[in-house]
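Here's the structure we're looking at; comments come further down.
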Protein chains: 2
Amino acid sequence: MYNCEIICVGTELLLGDILNTDAQFLSKELASMGIAVLHQSVVGDNKKRLKKELETALSRSDIVITSGGLGPTPDDITREVCCDVMGFETELNKPILNNIKSYFEGKNKKMPESNKKQAYVPIGGVVFENTNGTAPGAAMERDGKCMIILPGPPNELKPMFINQVKPLLQKYSSGAIVSHTVRTMGIGESAMAELVGDLLDNENPTVAPYAKNGEALLRITAKSDSEENANSLCVPMLSLIRQRLGNYVYGIDVDSIEQRVVELLIEKEQTIALAESCTAGYISKRITDVPGSSKVFECGIVSYSDKVKIKLLGISPETFMHHGVVSEQTAKEMAKNVRIVGNSNIGIGITGVAGPGSDENSNPAGIIYIALAGEDSVYVEKLETNKPHNREYNRFVASSVALNIVRLYLEGCLL
Amino acid sequence: MYNCEIICVGTELLLGDILNTDAQFLSKELASMGIAVLHQSVVGDNKKRLKKELETALSRSDIVITSGGLGPTPDDITREVCCDVMGFETELNKPILNNIKSYFEGKNKKMPESNKKQAYVPIGGVVFENTNGTAPGAAMERDGKCMIILPGPPNELKPMFINQVKPLLQKYSSGAIVSHTVRTMGIGESAMAELVGDLLDNENPTVAPYAKNGEALLRITAKSDSEENANSLCVPMLSLIRQRLGNYVYGIDVDSIEQRVVELLIEKEQTIALAESCTAGYISKRITDVPGSSKVFECGIVSYSDKVKIKLLGISPETFMHHGVVSEQTAKEMAKNVRIVGNSNIGIGITGVAGPGSDENSNPAGIIYIALAGEDSVYVEKLETNKPHNREYNRFVASSVALNIVRLYLEGCLL
């Protein structure tokens with residue numbers, strides 16, 4: 001299997017001004033081709049350090065891919081240093097120069113003289129045209145090593161990689177790596193490790209646990225000579241994991257719990273209405289992030305104030321008086337009433353304290369009641385996040401738990 | 001000036017499964033302290049490669065910071081390898097073990113045996129408590145080199161760095177770099193460059209433009225011997241930029257347009273109610289992301305279906321018939337009616353097509369009408385994002401534009 005290393009060039013990355021999305025994109029693409037990325041690194045616009053980094057990379061990897069530093073300004077040094085390290089001379093490429101000129105003409109501008117520099121390409125290398133910008137990319141191969149230089153802006157790098165670099169890298173693609181992600185809700189990372197701990201030592205496929213946004217995930221990764229064979233290695237492992245984790249699993253290779261919920265609602269021909277207090281539109285936003293959700297999502301009421309809870313949702317003031325706004329009873333009434341108001345099969349009611357502080361009735365932050373009303377049943381759950389100061393976390397997790405309750409209800413697993 | 005190097009550990013990063021936000025966060029924080037980050041790198045959960053990377057880093061940098069690989073599973077190897085490279089033995093730390101146990105007790109769970117591993121800390125090192133998770137961080141200093149190990153999840157790493165690591169790193173901080181961010185709405189990056197283009201050549205402070213989430217930002221960065229002096233260098237530049245960009249500027253060093261809107265609503269003692277169709281809770285979610293928003297946010301109605309628009313918002317079916325659901329008139333009526341229903345000073349109505357496809361009436365995706373109703377005026381704006389396929393972008397930008405309209409209204413700048 002060939003090894004690849006990604007080097008992103010740019011002081012703006014080292015200053016933390018931008019997120020390194022190029023490294024993620026390239027890594028994902030390479031993994032899917034069965035090329036192993038063993039190192040990513042970032043260096044600034046500094047010739048000496050970039051040269052050192054490139055030399056180290058070439059000494060341990062078959063393929064080195066750089067992103068960034070191909071611009072027209074003097075601190076854009078990647079092309080020059082890469083050609084130097086690979087021992088390639090450069091020459092002015094007329095068609096590329098004309099491309100750059102047309103790019104500016106398309107914007108009714110004259111090409112600045114400094115952009116001419118971008119039309120120099122390695123003699124004997126492969127040139128990649130830039131359809132979204134001015135800097136071309138290039139590939140140089142020598143002594144069994146391959147260096148590929150790409151522009152930094154993601155909207156230039158991505159199409160160039162997909163359309164021009166991938167075909168060239170096919171010959172390095174050794175078999176394939178296939179990954180599947182088992183997504184769970186309602187179980188922590190360590191509890192999950194106890195149920196599937198023995199599988200974590202498996203070699204092919206490997207099984208690795210991750211925690212992400214309050215969810216515990218398992219990634220199953222297999223290597224083989226073809227995508228099909230790699231996938232076949234995953235199948236029995238996936239069903240074993242499903243068996244062990246049961247209802248905790250909400251999906252395999254789905255993007256999110258909201259995606260699964262919208263799928264289920266469509267499949268079961270059910271509609272949903274939401275009455276959100278502390279999550280205040282978060283569940284509504286997440287459900288409607290999924291294209292096609294308009295088929296199943298009727299209405300959301302964000303009842304942030306008590307007045308609105310009474311006026312729009314018809315919650316009885318007695319409920320507030322006897323049980324408090326943040327209570328099981330209020331959540332239940334919200335769910336039942338929004339189901340009616342929103343003319344839906346399922347109603348969800350959420351009331352709680354998002355934080356960072358307690359509410360005026362000294363309910364601590366992170367206490368949230370979530371209710372689901374169906375045609376003839378009401379279910380309610382109390383959530384304690386134990387993160388009083390983390391408003392975003394509390395809101396996100398509460399909305400995830402609510403979505404998971406809908407999922408369990410639709411799968412027939414709720415009491 | 002001291003040099004620092006950031007090493008993020010995790011095969012999930014090399015597979016491109018997650019974005020490396022830790023590297024960005026740490027780089028930004030270190031830059032603000034006047035500590036130079038010259039390299040970032042990523043290695044997988046592999047002892048040999050991590051060890052090599054750490055040794056290289058220690059040979060060229062004064063400070064090495066790792067993130068990730070401190071979990072309870074066997075593939076979490078960072079603590080062990082870092083202690084090995086720095087020559088530190090580890091011991092079980094009772095208070096940390098108790099913290100981990102309480103963390104699980106808080107969730108009504110028993111600590112899995114595997115988490116005990118996380119309570120081993122370097123003898124003679126500094127231990128950082130983890131207030132949002134189980135893995136503590138640590139610092140080890142030897143022979144003028146400092147190694148800091150931090151947990152990978154951003155919600156654990158960030159508070160640990162801010163509250164515990166920064167004070168420890170103060171002694172390495174040479175002089176200071178101060179950055180301010182001018183945030184604008186309603187002006188593109190190139191239009192902004194025309195208004196402030198000459199300032200981009202300034203040396204201290206530097207002025208750099210960025211585009212982020214559909215906004216154009218300017219970052220002003222000054223270096224000096226102290227934070228105070230660096231800040232003084234920024235002040236005249238900031239007021240010059242404010243002068244040039246006028247109303248486009250919605251804030252300096254504010255987190256977001258929603259933060260500014262909530263501040264203004266509180267200051268002007270105004271309340272707001274929202275009727276959202278295509279944004280479907282996104283504005284509501286963003287406003288209530290801001291702590292204290294309950295003072296000014298009354299109610300949100302997500303009227304995804306036409307039935308709900310008629311039933312809850314009282315939109316007249318004639319309006320739909322004559323002008324369409326996606327129209328200026330519907331947006332205006334939504335704004336006016338939700339203002340009454342929600343008993344608020346300001347009403348916002350949004351109707352449009354989020355995409356990826358057109359709606360059933362062939363309105364193209366990315367066409368969105370946004371209306372604001374005040375006591376005796378109604379304002380409406382048509383937004384065309386020109387990104388038919390990007391649902392998330394269309395929804396985000398529409399909610400940003402709506403928030404900016406509220407901001408301009410409250411600042412008295414709306415017609």
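Starting from 1 in every chain, residues are counted up; chains themselves are A, B, ... following the order of the structure tokens, and ligands are numbered from 1 as listed.
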Those in segment 65-269 of chain B with helix (DSSP H, G or I) from DSSP, as a VMD selection string: chain B and resid 78 to 86 94 to 106 113 to 119 154 to 172 189 to 201 227 to 248 257 to 268
Taking a cut-off of 7 Å and counting only C-alpha atoms, can you build a table that, for each residue of chain A near chain B, reports the nearest atom pair and how far apart they are in Å (one decimal), sorted by chain then residue number, as CSV?
residue,atom,partner,partner_atom,distance
A:Leu14,CA,B:Ser27,CA,5.8
A:Leu15,CA,B:Ser27,CA,5.3
A:Gly16,CA,B:Gln24,CA,4.2
A:Asp17,CA,B:Lys28,CA,6.9
A:Ile18,CA,B:Gln24,CA,6.9
A:Leu19,CA,B:Gln24,CA,6.0
A:Asn20,CA,B:Asn20,CA,6.7
A:Thr21,CA,B:Leu19,CA,6.6
A:Gln24,CA,B:Gly16,CA,4.2
A:Phe25,CA,B:Gly16,CA,6.3
A:Ser27,CA,B:Gly16,CA,4.8
A:Lys28,CA,B:Gly16,CA,4.4
A:Ala31,CA,B:Leu15,CA,6.0
A:Val37,CA,B:Leu14,CA,5.9
A:Leu38,CA,B:Val43,CA,6.3
A:His39,CA,B:Val43,CA,5.3
A:Gln40,CA,B:Val42,CA,5.0
A:Ser41,CA,B:Ser41,CA,4.1
A:Val42,CA,B:Gln40,CA,5.0
A:Val43,CA,B:His39,CA,5.3
A:Gly44,CA,B:Leu38,CA,6.6
A:Ser190,CA,B:Pro112,CA,6.3
A:Ala191,CA,B:Pro112,CA,6.8
A:Ala280,CA,B:Lys285,CA,5.6
A:Gly281,CA,B:Gly281,CA,4.2
A:Tyr282,CA,B:Lys285,CA,5.2
A:Ser284,CA,B:Gly281,CA,5.4
A:Lys285,CA,B:Gly281,CA,4.9
A:Thr288,CA,B:Ala280,CA,6.5
A:Asp289,CA,B:Glu392,CA,6.8
A:Ser294,CA,B:Tyr304,CA,6.6
A:Phe297,CA,B:Tyr304,CA,6.9
A:Glu298,CA,B:Ser305,CA,5.5
A:Cys299,CA,B:Ser303,CA,5.2
A:Gly300,CA,B:Val302,CA,4.6
A:Ile301,CA,B:Ile301,CA,4.7
A:Val302,CA,B:Gly300,CA,4.6
A:Ser303,CA,B:Cys299,CA,5.2
A:Tyr304,CA,B:Glu298,CA,5.7
A:Ser305,CA,B:Glu298,CA,5.5
A:Val308,CA,B:Cys299,CA,6.4
A:Gly342,CA,B:Val308,CA,7.0
A:Asn386,CA,B:Gly106,CA,6.7
A:Glu392,CA,B:Asp289,CA,6.8
Residues of the last selection are to be written out with N, CA and C atoms, as a CSV table (one decimal), in the first residue's frame.
chain,number,residue,atom,x,y,z
A,14,LEU,N,-1.2,28.7,10.5
A,14,LEU,CA,-0.4,28.7,11.7
A,14,LEU,C,-0.9,29.7,12.7
A,15,LEU,N,-1.5,30.8,12.2
A,15,LEU,CA,-2.0,31.8,13.1
A,15,LEU,C,-3.4,31.5,13.5
A,16,GLY,N,-4.0,30.4,13.0
A,16,GLY,CA,-5.3,30.0,13.4
A,16,GLY,C,-6.4,30.8,12.7
A,17,ASP,N,-6.0,31.6,11.7
A,17,ASP,CA,-7.1,32.4,11.0
A,17,ASP,C,-8.0,31.6,10.2
A,18,ILE,N,-7.6,30.5,9.7
A,18,ILE,CA,-8.5,29.7,8.9
A,18,ILE,C,-8.4,28.2,9.3
A,19,LEU,N,-9.5,27.5,9.1
A,19,LEU,CA,-9.6,26.1,9.4
A,19,LEU,C,-9.0,25.3,8.3
A,20,ASN,N,-8.3,24.2,8.6
A,20,ASN,CA,-7.7,23.5,7.6
A,20,ASN,C,-8.6,22.4,7.0
A,21,THR,N,-9.5,22.9,6.1
A,21,THR,CA,-10.5,21.9,5.5
A,21,THR,C,-9.8,21.1,4.4
A,24,GLN,N,-8.6,17.8,5.6
A,24,GLN,CA,-9.6,16.8,5.8
A,24,GLN,C,-10.1,16.3,4.4
A,25,PHE,N,-10.4,17.2,3.5
A,25,PHE,CA,-10.9,16.7,2.2
A,25,PHE,C,-9.9,15.7,1.5
A,27,SER,N,-7.5,13.9,2.8
A,27,SER,CA,-7.4,12.7,3.6
A,27,SER,C,-8.5,11.7,3.3
A,28,LYS,N,-9.7,12.3,3.3
A,28,LYS,CA,-10.9,11.4,3.0
A,28,LYS,C,-10.9,10.8,1.6
A,31,ALA,N,-8.1,8.1,1.5
A,31,ALA,CA,-8.5,6.9,2.2
A,31,ALA,C,-9.4,6.1,1.3
A,37,VAL,N,-2.8,7.8,4.4
A,37,VAL,CA,-2.3,9.1,4.8
A,37,VAL,C,-1.7,8.9,6.3
A,38,LEU,N,-0.4,9.0,6.4
A,38,LEU,CA,0.2,8.7,7.7
A,38,LEU,C,0.6,10.0,8.5
A,39,HIS,N,0.7,11.1,7.7
A,39,HIS,CA,1.0,12.4,8.3
A,39,HIS,C,0.3,13.5,7.6
A,40,GLN,N,-0.1,14.5,8.4
A,40,GLN,CA,-0.5,15.8,7.8
A,40,GLN,C,0.4,16.8,8.5
A,41,SER,N,0.8,17.8,7.8
A,41,SER,CA,1.4,18.9,8.5
A,41,SER,C,1.2,20.3,7.9
A,42,VAL,N,1.4,21.3,8.7
A,42,VAL,CA,1.2,22.6,8.2
A,42,VAL,C,2.5,23.4,8.5
A,43,VAL,N,3.0,24.1,7.5
A,43,VAL,CA,4.1,25.0,7.7
A,43,VAL,C,3.8,26.4,7.1
A,44,GLY,N,4.5,27.4,7.6
A,44,GLY,CA,4.3,28.7,7.1
A,44,GLY,C,4.9,29.0,5.8
A,190,SER,N,-17.7,4.9,27.1
A,190,SER,CA,-17.1,3.9,27.9
A,190,SER,C,-18.1,2.7,28.1
A,191,ALA,N,-19.4,3.0,28.3
A,191,ALA,CA,-20.4,1.9,28.4
A,191,ALA,C,-20.4,1.1,27.1
A,280,ALA,N,-35.7,26.2,21.8
A,280,ALA,CA,-36.1,27.4,21.0
A,280,ALA,C,-35.7,27.3,19.5
A,281,GLY,N,-36.3,26.4,18.8
A,281,GLY,CA,-36.1,26.3,17.4
A,281,GLY,C,-35.0,25.4,16.9
A,282,TYR,N,-34.2,24.9,17.9
A,282,TYR,CA,-33.0,24.0,17.5
A,282,TYR,C,-33.5,22.7,16.8
A,284,SER,N,-36.4,22.2,15.4
A,284,SER,CA,-37.1,22.6,14.2
A,284,SER,C,-36.0,22.9,13.1
A,285,LYS,N,-34.9,23.6,13.5
A,285,LYS,CA,-33.8,23.8,12.5
A,285,LYS,C,-33.2,22.5,12.1
A,288,THR,N,-35.5,20.5,9.7
A,288,THR,CA,-35.6,21.2,8.4
A,288,THR,C,-34.3,21.3,7.7
A,289,ASP,N,-33.2,21.0,8.4
A,289,ASP,CA,-31.9,20.9,7.6
A,289,ASP,C,-31.9,19.7,6.6
A,294,SER,N,-40.2,19.0,4.5
A,294,SER,CA,-41.5,19.7,4.5
A,294,SER,C,-42.7,18.7,4.4
A,297,PHE,N,-43.0,17.7,8.4
A,297,PHE,CA,-42.9,18.7,9.5
A,297,PHE,C,-44.0,19.7,9.3
A,298,GLU,N,-44.9,19.8,10.2
A,298,GLU,CA,-46.0,20.7,10.0
A,298,GLU,C,-45.8,22.1,10.6
A,299,CYS,N,-45.3,22.1,11.9
A,299,CYS,CA,-45.3,23.4,12.6
A,299,CYS,C,-44.5,23.3,13.8
A,300,GLY,N,-43.8,24.4,14.1
A,300,GLY,CA,-43.1,24.5,15.3
A,300,GLY,C,-43.5,25.8,16.1
A,301,ILE,N,-43.6,25.7,17.4
A,301,ILE,CA,-43.9,26.9,18.1
A,301,ILE,C,-42.8,27.0,19.2
A,302,VAL,N,-42.1,28.2,19.1
A,302,VAL,CA,-41.1,28.5,20.1
A,302,VAL,C,-41.7,29.3,21.1
A,303,SER,N,-42.0,28.7,22.2
A,303,SER,CA,-42.8,29.4,23.3
A,303,SER,C,-41.8,29.7,24.4
A,304,TYR,N,-41.1,30.8,24.1
A,304,TYR,CA,-40.0,31.2,25.1
A,304,TYR,C,-40.6,31.8,26.3
A,305,SER,N,-41.7,32.6,26.2
A,305,SER,CA,-42.3,33.2,27.3
A,305,SER,C,-43.5,32.4,27.8
A,308,VAL,N,-46.7,33.1,25.9
A,308,VAL,CA,-46.9,32.4,24.7
A,308,VAL,C,-47.3,30.9,24.9
A,342,GLY,N,-50.9,21.8,15.8
A,342,GLY,CA,-50.2,21.6,14.5
A,342,GLY,C,-50.8,20.5,13.7
A,386,ASN,N,-25.8,17.9,33.4
A,386,ASN,CA,-24.7,18.2,34.3
A,386,ASN,C,-23.7,19.1,33.7
A,392,GLU,N,-24.9,26.0,24.7
A,392,GLU,CA,-24.9,25.3,23.4
A,392,GLU,C,-25.0,23.8,23.6
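Comparing the minimum interatomic distances between Thr221 of chain A and each of A:Val406, A:Met140, A:Leu372, A:Leu200, counting only C-alpha atoms, we find that A:Leu200 sits nearest.
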DSSP strand (DSSP E or B) residues within segment 154-396 of chain A, as a ChimeraX atom specification: /A:176-184,206-212,215-224,249-252,272-276,297-303,346-352,367-373,378-384
Nearest-residue call for Leu245 of chain A, choices A:Ile257, A:Leu217, A:Leu58, A:Val196, using only C-alpha atoms: A:Val196
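Reported to one decimal place, the separation of atom CA of Thr66 of chain A from atom CA of Leu150 of chain A is 5.9 Å.
A straight line drawn from atom CA of Gly251 of chain B to atom CA of Glu381 of chain B is 22.1 Å long.
Put simply, atom CA of Met147 of chain B is 17.7 Å away from atom CA of Gln118 of chain B.
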